[in-house]
$ cat run.tsv   # TSV, C-alpha atoms
chain	number	residue	atom	x	y	z
A	1168	MET	CA	13.32	13.47	-17.39
A	1169	ASN	CA	10.09	11.68	-18.33
A	1170	LEU	CA	9.45	9.06	-15.65
A	1171	LYS	CA	7.07	6.13	-15.73
A	1172	ILE	CA	6.02	5.75	-12.10
A	1173	VAL	CA	3.88	2.96	-10.63
A	1174	VAL	CA	2.41	3.26	-7.14
A	1175	LEU	CA	1.59	0.02	-5.31
A	1176	ALA	CA	-1.59	0.72	-3.38
A	1177	LYS	CA	-3.95	-1.48	-1.43
A	1178	GLN	CA	-7.53	-1.23	-0.29
A	1179	VAL	CA	-7.38	-2.62	3.23
A	1180	PRO	CA	-9.99	-3.57	5.80
A	1181	ASP	CA	-9.89	-1.14	8.68
A	1182	THR	CA	-8.50	-3.53	11.29
A	1183	ARG	CA	-8.09	-0.87	13.96
A	1184	ASN	CA	-11.33	-1.96	15.64
A	1185	VAL	CA	-11.73	-5.63	14.76
A	1186	GLY	CA	-14.44	-7.80	16.27
A	1187	LYS	CA	-15.05	-11.50	16.56
A	1188	ASP	CA	-16.12	-11.75	12.92
A	1189	ALA	CA	-12.84	-10.31	11.59
A	1190	MET	CA	-11.53	-13.74	10.50
A	1191	THR	CA	-13.04	-16.35	8.20
A	1192	ALA	CA	-13.02	-20.07	8.92
A	1193	GLU	CA	-10.09	-20.41	6.49
A	1194	GLY	CA	-7.95	-18.03	8.56
A	1195	THR	CA	-8.12	-15.03	6.22
A	1196	VAL	CA	-9.37	-11.52	6.96
A	1197	ASN	CA	-13.14	-11.26	6.57
A	1198	ARG	CA	-13.20	-8.18	4.36
A	1199	SER	CA	-16.97	-8.23	3.92
A	1200	VAL	CA	-17.61	-7.12	7.53
A	1201	LEU	CA	-14.88	-4.48	7.80
A	1202	PRO	CA	-14.93	-1.00	6.21
A	1203	ALA	CA	-12.47	-0.63	3.34
A	1204	ILE	CA	-9.95	2.23	3.29
A	1205	PHE	CA	-6.90	3.36	1.29
A	1206	ASN	CA	-3.90	1.90	3.09
A	1207	PRO	CA	-2.44	4.91	4.97
A	1208	GLU	CA	1.25	4.51	4.06
A	1209	ASP	CA	0.34	3.96	0.40
A	1210	LEU	CA	-1.08	7.48	0.46
A	1211	ASN	CA	2.34	8.74	1.60
A	1212	ALA	CA	3.85	6.82	-1.31
A	1213	LEU	CA	1.35	8.36	-3.75
A	1214	GLU	CA	2.36	11.86	-2.62
A	1215	GLN	CA	6.02	11.10	-3.37
A	1216	ALA	CA	5.03	9.89	-6.83
A	1217	LEU	CA	2.96	12.99	-7.53
A	1218	ARG	CA	5.82	15.24	-6.40
A	1219	LEU	CA	8.12	13.49	-8.84
A	1220	LYS	CA	5.55	14.06	-11.58
A	1221	ASP	CA	5.40	17.76	-10.68
A	1222	GLN	CA	9.20	18.01	-10.76
A	1223	ASN	CA	9.54	16.11	-14.04
A	1224	PRO	CA	7.02	17.36	-16.64
A	1225	GLY	CA	5.89	14.63	-18.99
A	1226	SER	CA	6.09	11.94	-16.32
A	1227	THR	CA	3.12	9.65	-15.59
A	1228	VAL	CA	1.81	8.05	-12.41
A	1229	GLY	CA	-0.21	4.84	-12.42
A	1230	ILE	CA	-1.91	3.07	-9.50
A	1231	LEU	CA	-1.51	-0.72	-9.33
A	1232	THR	CA	-3.75	-2.55	-6.90
A	1233	MET	CA	-5.09	-6.05	-6.34
A	1234	GLY	CA	-8.44	-7.01	-4.89
A	1235	PRO	CA	-12.12	-7.53	-5.59
A	1236	PRO	CA	-13.91	-5.21	-8.04
A	1237	ARG	CA	-14.66	-2.69	-5.29
A	1238	ALA	CA	-10.91	-2.07	-5.02
A	1239	GLY	CA	-11.31	0.08	-8.13
A	1240	GLU	CA	-12.07	2.85	-5.63
A	1241	ILE	CA	-8.34	2.96	-4.82
A	1242	ILE	CA	-7.56	3.81	-8.44
A	1243	ARG	CA	-10.23	6.51	-8.45
A	1244	GLN	CA	-8.80	8.02	-5.27
A	1245	GLY	CA	-5.44	8.16	-7.02
A	1246	LEU	CA	-6.93	9.78	-10.12
A	1247	TYR	CA	-8.69	12.37	-7.97
A	1248	ARG	CA	-5.29	13.41	-6.59
A	1249	GLY	CA	-3.41	13.58	-9.89
A	1250	ALA	CA	-2.54	10.07	-11.06
A	1251	ASP	CA	-2.91	9.36	-14.78
A	1252	THR	CA	-4.07	5.76	-14.94
A	1253	GLY	CA	-4.47	2.56	-12.95
A	1254	TRP	CA	-4.61	-1.21	-13.11
A	1255	LEU	CA	-6.80	-3.49	-11.00
A	1256	LEU	CA	-5.74	-7.10	-10.58
A	1257	THR	CA	-8.97	-8.93	-9.86
A	1258	ASP	CA	-9.61	-12.64	-10.17
A	1259	ARG	CA	-10.88	-15.31	-7.81
A	1260	LEU	CA	-7.48	-16.94	-8.22
A	1261	PHE	CA	-5.90	-13.93	-6.49
A	1262	ALA	CA	-8.09	-14.32	-3.39
A	1263	GLY	CA	-6.52	-15.13	-0.03
A	1264	ALA	CA	-3.00	-14.14	-1.09
A	1265	ASP	CA	-0.28	-13.72	1.52
A	1266	THR	CA	2.75	-11.50	0.94
A	1267	LEU	CA	4.49	-14.08	-1.26
A	1268	ALA	CA	1.52	-14.52	-3.60
A	1269	THR	CA	0.74	-10.79	-3.56
A	1270	SER	CA	4.28	-9.80	-4.55
A	1271	TYR	CA	4.24	-12.42	-7.31
A	1272	ALA	CA	1.00	-11.02	-8.76
A	1273	LEU	CA	2.22	-7.42	-8.57
A	1274	ALA	CA	5.56	-8.34	-10.16
A	1275	THR	CA	3.87	-10.08	-13.10
A	1276	ALA	CA	1.65	-7.03	-13.61
A	1277	ILE	CA	4.64	-4.67	-13.58
A	1278	LYS	CA	6.31	-6.82	-16.22
A	1279	LYS	CA	3.16	-6.46	-18.35
A	1280	ILE	CA	3.10	-2.67	-17.82
A	1281	GLY	CA	6.72	-2.57	-18.95
A	1282	ASN	CA	9.51	0.02	-18.91
A	1283	VAL	CA	8.75	1.26	-15.38
A	1284	ASP	CA	11.35	3.66	-13.97
A	1285	ILE	CA	10.31	3.77	-10.33
A	1286	ILE	CA	7.90	1.71	-8.23
A	1287	ILE	CA	6.74	3.31	-4.99
A	1288	GLY	CA	4.67	1.75	-2.23
A	1289	GLY	CA	3.92	2.18	1.43
A	1290	ARG	CA	6.23	0.50	3.94
A	1291	GLN	CA	3.48	-1.88	5.04
A	1292	ALA	CA	-0.29	-2.41	5.06
A	1293	ILE	CA	-2.31	-2.15	8.26
A	1294	ASP	CA	-3.99	-5.53	7.68
A	1295	GLY	CA	-0.68	-7.39	7.88
A	1296	ASP	CA	2.09	-5.09	9.16
A	1297	THR	CA	4.76	-7.29	7.55
A	1298	ALA	CA	6.60	-4.74	5.35
A	1299	GLN	CA	7.43	-7.64	3.01
A	1300	VAL	CA	5.59	-6.94	-0.25
A	1301	GLY	CA	7.73	-4.06	-1.54
A	1302	PRO	CA	11.08	-5.83	-1.00
A	1303	GLN	CA	9.66	-9.06	-2.43
A	1304	VAL	CA	8.50	-7.26	-5.58
A	1305	ALA	CA	12.00	-5.80	-5.97
A	1306	GLN	CA	13.56	-9.24	-5.55
A	1307	LYS	CA	11.23	-10.89	-8.05
A	1308	LEU	CA	11.94	-8.18	-10.63
A	1309	GLY	CA	15.67	-8.09	-9.89
A	1310	LEU	CA	15.56	-4.35	-9.09
A	1311	ASN	CA	17.37	-2.10	-6.65
A	1312	GLN	CA	15.36	-1.16	-3.57
A	1313	VAL	CA	15.35	1.57	-0.94
A	1314	THR	CA	13.21	1.05	2.16
A	1315	TYR	CA	11.98	3.34	4.96
A	1316	ALA	CA	12.05	6.37	2.65
A	1317	GLU	CA	11.05	9.77	4.01
A	1318	GLU	CA	11.44	11.75	0.79
A	1319	ILE	CA	12.57	11.20	-2.78
A	1320	LEU	CA	14.69	14.31	-3.12
A	1321	LYS	CA	15.42	14.21	-6.85
A	1322	ILE	CA	16.05	12.06	-9.88
A	1323	GLU	CA	18.88	13.13	-12.16
A	1324	ASP	CA	20.80	11.26	-14.84
A	1325	GLY	CA	18.98	8.04	-14.06
A	1326	VAL	CA	19.81	8.12	-10.34
A	1327	ALA	CA	17.33	8.65	-7.49
A	1328	THR	CA	18.48	10.52	-4.38
A	1329	ILE	CA	16.40	9.44	-1.39
A	1330	ARG	CA	16.35	10.39	2.27
A	1331	ARG	CA	15.44	7.47	4.52
A	1332	HIS	CA	14.79	7.12	8.23
A	1333	ILE	CA	16.77	4.41	9.97
A	1334	ASP	CA	17.46	3.42	13.57
A	1335	GLY	CA	19.52	6.16	15.10
A	1336	GLY	CA	18.94	8.84	12.51
A	1337	VAL	CA	18.49	9.75	8.86
A	1338	GLU	CA	20.64	8.93	5.85
A	1339	THR	CA	20.63	10.02	2.22
A	1340	VAL	CA	21.28	7.36	-0.40
A	1341	GLU	CA	21.48	7.14	-4.18
A	1342	ALA	CA	20.06	4.32	-6.29
A	1343	PRO	CA	20.12	3.86	-10.07
A	1344	LEU	CA	16.82	3.43	-11.89
A	1345	PRO	CA	14.76	1.32	-12.11
A	1346	VAL	CA	14.22	1.14	-8.37
A	1347	VAL	CA	11.58	0.07	-5.84
A	1348	VAL	CA	11.00	2.49	-2.94
A	1349	THR	CA	8.92	1.88	0.17
A	1350	VAL	CA	7.75	4.94	2.10
A	1351	ASN	CA	7.21	5.50	5.82
A	1352	GLY	CA	4.01	6.88	7.28
A	1353	SER	CA	6.10	9.75	8.68
A	1354	ALA	CA	6.68	11.03	5.13
A	1355	ALA	CA	4.64	13.94	3.79
A	1356	PRO	CA	0.86	13.28	3.83
A	1357	CYS	CA	-0.92	12.93	0.54
A	1358	ARG	CA	-2.51	15.99	-1.02
A	1359	PRO	CA	-6.32	16.23	-0.97
A	1360	CYS	CA	-8.52	15.31	-3.90
A	1361	ASN	CA	-8.78	17.92	-6.65
A	1362	ALA	CA	-12.37	19.00	-7.29
A	1363	LYS	CA	-11.92	19.18	-11.07
A	1364	LEU	CA	-10.38	15.71	-11.17
A	1365	VAL	CA	-13.19	14.32	-9.00
A	1366	MET	CA	-15.71	15.62	-11.52
A	1367	LYS	CA	-13.66	14.20	-14.40
A	1368	TYR	CA	-13.21	10.70	-12.98
A	1369	LYS	CA	-16.20	10.17	-10.67
A	1370	TYR	CA	-17.74	7.67	-13.12
A	1371	ALA	CA	-14.44	5.90	-13.85
A	1372	THR	CA	-14.89	2.17	-13.18
A	1373	CYS	CA	-13.48	-1.22	-14.00
A	1374	PRO	CA	-15.81	-3.36	-16.16
A	1375	MET	CA	-16.59	-5.73	-13.26
A	1376	GLU	CA	-17.82	-2.81	-11.14
A	1377	ARG	CA	-20.60	-1.97	-13.58
A	1378	LYS	CA	-24.16	-3.23	-13.31
A	1379	GLY	CA	-25.04	-2.21	-16.85
A	1380	ASP	CA	-28.00	0.01	-16.03
A	1381	GLU	CA	-26.12	3.16	-14.95
A	1382	PRO	CA	-27.74	6.39	-16.26
A	1383	TRP	CA	-24.30	7.51	-17.43
A	1384	ALA	CA	-23.46	4.26	-19.28
A	1385	ALA	CA	-23.16	6.08	-22.63
A	1386	LEU	CA	-20.18	8.03	-21.25
A	1387	TYR	CA	-18.02	4.91	-21.33
A	1388	ASP	CA	-18.07	4.93	-25.14
A	1389	GLU	CA	-17.62	8.68	-25.37
A	1390	ARG	CA	-14.81	8.90	-22.78
A	1391	PRO	CA	-12.43	5.92	-22.89
A	1392	TYR	CA	-10.49	7.20	-19.86
A	1393	LEU	CA	-13.50	6.27	-17.71
A	1394	THR	CA	-12.78	2.57	-18.28
A	1395	LEU	CA	-10.07	1.48	-15.86
A	1396	ASN	CA	-7.67	-1.34	-16.66
A	1397	GLN	CA	-8.77	-4.68	-15.23
A	1398	TRP	CA	-6.48	-7.70	-15.40
A	1399	SER	CA	-6.94	-11.35	-14.46
A	1400	VAL	CA	-4.29	-13.99	-13.76
A	1401	ALA	CA	-4.43	-14.96	-17.44
A	1402	ASP	CA	-4.06	-11.34	-18.56
A	1403	VAL	CA	-0.72	-11.00	-16.74
A	1404	GLU	CA	0.33	-14.52	-17.78
A	1405	GLY	CA	0.56	-15.58	-14.14
A	1406	ASP	CA	0.92	-19.08	-12.76
A	1407	PRO	CA	-2.30	-19.93	-10.86
A	1408	GLN	CA	-0.30	-22.13	-8.48
A	1409	GLN	CA	1.64	-19.07	-7.31
A	1410	CYS	CA	-1.46	-16.88	-6.82
A	1411	GLY	CA	-4.01	-16.59	-4.02
A	1412	LEU	CA	-4.34	-19.31	-1.42
A	1413	ALA	CA	-2.60	-21.83	-3.70
A	1414	GLY	CA	0.58	-19.76	-3.63
A	1415	SER	CA	0.37	-18.69	0.02
A	1416	PRO	CA	2.32	-20.74	2.58
A	1417	THR	CA	1.42	-18.29	5.39
A	1418	LYS	CA	-1.51	-19.33	7.57
A	1419	VAL	CA	-3.04	-16.83	10.02
A	1420	LYS	CA	-4.59	-18.42	13.08
A	1421	ALA	CA	-6.31	-15.33	14.50
A	1422	VAL	CA	-6.35	-11.54	14.57
A	1423	GLN	CA	-6.86	-9.78	17.90
A	1424	ASN	CA	-6.66	-6.28	19.31
A	1425	ILE	CA	-4.63	-6.37	22.52
A	1426	VAL	CA	-5.32	-3.61	25.04
A	1427	PHE	CA	-2.99	-3.45	28.00
A	1428	GLN	CA	-4.64	-2.47	31.27
A	1429	ALA	CA	-2.83	-1.97	34.55
A	1430	LYS	CA	-4.27	-4.15	37.30
A	1431	GLU	CA	-2.50	-2.13	39.95
A	1432	SER	CA	-0.35	0.94	40.12
A	1433	LYS	CA	2.28	2.28	42.47
A	1434	THR	CA	3.32	5.88	43.03
A	1435	LEU	CA	7.01	6.51	43.62
A	1436	THR	CA	8.84	9.60	44.71
A	1437	ALA	CA	12.31	10.72	43.67
A	1438	SER	CA	13.77	9.68	47.01
A	1439	ASP	CA	16.76	7.35	47.10
A	1440	ALA	CA	14.75	4.76	49.04
A	1441	ASP	CA	11.98	4.58	46.40
A	1442	VAL	CA	14.44	4.39	43.52
A	1443	GLU	CA	16.43	1.66	45.30
A	1444	SER	CA	13.22	-0.27	45.99
A	1445	LEU	CA	12.15	-0.08	42.34
A	1446	VAL	CA	15.52	-1.26	41.04
A	1447	LYS	CA	15.51	-4.18	43.50
A	1448	GLU	CA	12.00	-5.19	42.41
A	1449	LEU	CA	12.97	-5.08	38.70
A	1450	LEU	CA	16.04	-7.19	39.40
A	1451	ASP	CA	14.06	-9.72	41.45
A	1452	GLU	CA	11.50	-10.05	38.65
A	1453	LYS	CA	14.36	-10.38	36.12
A	1454	ILE	CA	12.97	-7.49	34.12
A	1455	ILE	CA	16.43	-5.91	34.13
A	1456	GLY	CA	19.88	-7.23	34.93
$ encode --input "run.tsv" --output "structure tokens"
Amino acid sequence: MNLKIVVLAKQVPDTRNVGKDAMTAEGTVNRSVLPAIFNPEDLNALEQALRLKDQNPGSTVGILTMGPPRAGEIIRQGLYRGADTGWLLTDRLFAGADTLATSYALATAIKKIGNVDIIIGGRQAIDGDTAQVGPQVAQKLGLNQVTYAEEILKIEDGVATIRRHIDGGVETVEAPLPVVVTVNGSAAPCRPCNAKLVMKYKYATCPMERKGDEPWAALYDERPYLTLNQWSVADVEGDPQQCGLAGSPTKVKAVQNIVFQAKESKTLTASDADVESLVKELLDEKIIG
């Protein structure tokens, strides 16, 4: 079965070690001071897409991402691993988007791509940890969705069989295509970059990434695949009032790393007296009971 697969991927600021400059005055993440990385769970999603491509010859995998021009690196990272194409949503009107505005933009782009069989994304991004975008995209497109996926086992006769991790265990479900799938970080890690594909696509860029004086500029006319798709709000026929800050009701007050440190510690033995004392203390402090 020839599948048209779209992977939702995001270039995220590495918020694992944020400092005082991590937020702007407007309450959005200050991406200019944080290193940019491929969102970890989106890499797990990409691996599932590439496995489906391997299992279904003739299938294609495309990377859909939204961000500033530098986010084109996410598409290149996908191409290096075996993806076939990509689309970058970049426009000042997209800036400052929360999950509602992000899912709207991605949904409009998927409509423009057209005839997509399966949309796969990571469960959540490390710069928000909301796990909302994938389900919201499914809702906006009116598609079936499967969340917390561990592995897409197979696709036969227009039905996807998916193993998902839930509280208390694992279950296997079936969902008719088209479907949106969000993938856990505990799924298989993404394969490494392929050296031949790195050489093929290392100069692949979106038009806004180019300065115009690159020594290899002539290659863009000779090799059309080196020009990545770049779409604005107008290109996807989006409503500016539903994009970026204008379409984002969520307001973030601050982002902080919280490190718990014990101010004091107590060593207990396995004696009945120590256990009884601990239980009494927990009851008195209303921690249990």
$ closest_residue --input "run.tsv" --among "A:Ala1316, A:Glu1376, A:Thr1266, A:Glu1338" --to "Val1304 in chain A" --atoms "only C-alpha atoms"
A:Thr1266
$ residues_around --input "run.tsv" --residues "Tyr1368 in chain A" --least-positions-apart "5" --cutoff "7 Å" --atoms "all atoms listed in the file" --output "PyMOL selection string"
chain A and resi 1243+1246-1247+1393
$ write_last_selection --input "run.tsv" --atoms "C-alpha atoms" --output "PDB file, keeping the file's coordinate frame"
ATOM      1  CA  ARG A1243     -10.230   6.510  -8.450  1.00  0.00           C
ATOM      2  CA  LEU A1246      -6.930   9.780 -10.120  1.00  0.00           C
ATOM      3  CA  TYR A1247      -8.690  12.370  -7.970  1.00  0.00           C
ATOM      4  CA  LEU A1393     -13.500   6.270 -17.710  1.00  0.00           C
TER       5      LEU A1393
END
$ atom_distance --input "run.tsv" --atom1 "CA of Asp1388 in chain A" --atom2 "CA of Pro1374 in chain A"
12.4 Å
$ atom_distance --input "run.tsv" --atom1 "CA of Gly1301 in chain A" --atom2 "CA of Glu1323 in chain A"
23.1 Å
$ atom_distance --input "run.tsv" --atom1 "CA of Asn1282 in chain A" --atom2 "CA of Lys1367 in chain A"
27.5 Å
$ residues_around --input "run.tsv" --residues "Pro1356 in chain A" --least-positions-apart "5" --cutoff "8 Å" --atoms "all atoms listed in the file" --output "list in words"
Leu1210, Asn1211 and Glu1214 of chain A
